[in-house]
Amino acid sequence: MASPSPSLEILFTGANQLEVRPVEPIRHPGPGEIAITCTRSLISTGTECTCLTRNFNPGSVWDGWVKYPFRSGYSVAGHVTEVGEGVTDLKPGDRIAVGATHARQAVVPANEGTMPIVRIPDGINDDEAAWFNLACVAQIGVRRAEHELGDNVVLVGMGQLGQLAVRYLRIWGANSIIAIDTAPARLEMAKRGGASHTLKMPVAEAKEAVAEITGGRLADVVYDMTGHAGAFAPSLGMARRFGKLILLSNPGKASDLCLTGDVFGRGVQVRAAHLGDPPWVANDHLYWTRRNMGKLFFNYLLDGRMRVADLITNRYPPTEARQAYDKLLTDRDNAMGIMFEWDR
């Protein structure tokens, strides 16, 4: 048995503080576990910036979750290096996408009920595969909306989840896909991904334009992807009577969200979606686990119905993690897919 190898990991050590630390030795996997070597990991820009800057209310879910030192990240591509006793469906050399944190090497559970692991098919590179867990989050939101064919849809905030949702909605068959953001680069990406209309304006100013596009009916479904409490009320206002608002980003200051007359007077439904919503193990009633959603995402990449390679804007070795997060904090409008390359 080969000796465990040294590794690196990225840790948030305090508010706006991080370190890249050596971790050695990486232990051998125990029963039901696998050892992995990461080649790519994708920064989840909204979640990780919230965690790093501690931009959330005391006493919130975030406050209970983010305890320093904090291991961030949850969308990784790499390969299996060793398997523990009882693991039969994976072997050394298998390429996998896994919901692990930012680290060169790790030991993770192989059980479907504990850790989402998806084999990477031939024809998909590690850059693309590293999007799989974020692609699952967006897919969860689209499923939560329970769309009907021909829906008019508004998406507020063209960050990573917004970009992925646009691509799913194009596949789904939405009539109008209206992307709203103030950053031209983000809107251009949304247009390439399938948005039928792009509105460069604050969400509070967009209702009239949405009404014009939809013939006065407004949107069947509105997605608030911003994670900012201030976007909630104007997003509600763009949904038609008995329409739906999908919250697909957990606001750090969720207690600041305020219901409006759109909910009480016009019957607009508010539905939230989160990575923890799907079942861990599929059954006849609940098929869409994160693993099965990951497989569907890969199928869409393979047959060309979806692209994510053009969403990658920046690449860094893990030793330059500080620069990567500073890019997000200072130039977020022009930073979309920020990838750590662990094999550099």
# chains A, B, ... in the order shown; residues from 1 in each chain; ligands from 1

$ residues_around --residues "Phe232 (chain A)" --least-positions-apart "6" --cutoff "9 Å" --atoms "only C-alpha atoms" --output "VMD selection string"
chain A and resid 224 226 245 247 257 to 259

$ write_last_selection --atoms "C-alpha atoms" --output "compact mmCIF listing (two decimals), in the first residue's frame"
# COMPACT_ATOMS: atom_id res chain seq x y z
CA ASP A 224 -34.46 35.85 -7.08
CA THR A 226 -29.26 37.68 -5.61
CA LEU A 245 -41.26 33.65 -6.79
CA LEU A 247 -35.69 32.06 -3.82
CA LEU A 257 -37.10 39.90 3.91
CA CYS A 258 -40.54 41.51 4.10
CA LEU A 259 -43.71 40.16 2.52

$ residues_around --residues "Met336 (chain A)" --least-positions-apart "5" --cutoff "9 Å" --atoms "only C-alpha atoms" --output "ChimeraX atom specification"
/A:45,159-160,186,311-314,328

$ residues_around --residues "Pro121 (chain A)" --least-positions-apart "6" --cutoff "10 Å" --atoms "only C-alpha atoms" --output "list in words"
Asp94, Arg95, Ile96, Ala129, Lys295, Phe298, Asn299 and Leu302 of chain A

$ closest_residue --among "A:Ile180, A:Ile34, A:Leu8, A:Leu164" --to "Lys91 (chain A)" --atoms "only C-alpha atoms"
A:Ile34

$ closest_residue --among "A:Trp172, A:Tyr316, A:Val153, A:Pro184" --to "Arg240 (chain A)" --atoms "only C-alpha atoms"
A:Val153
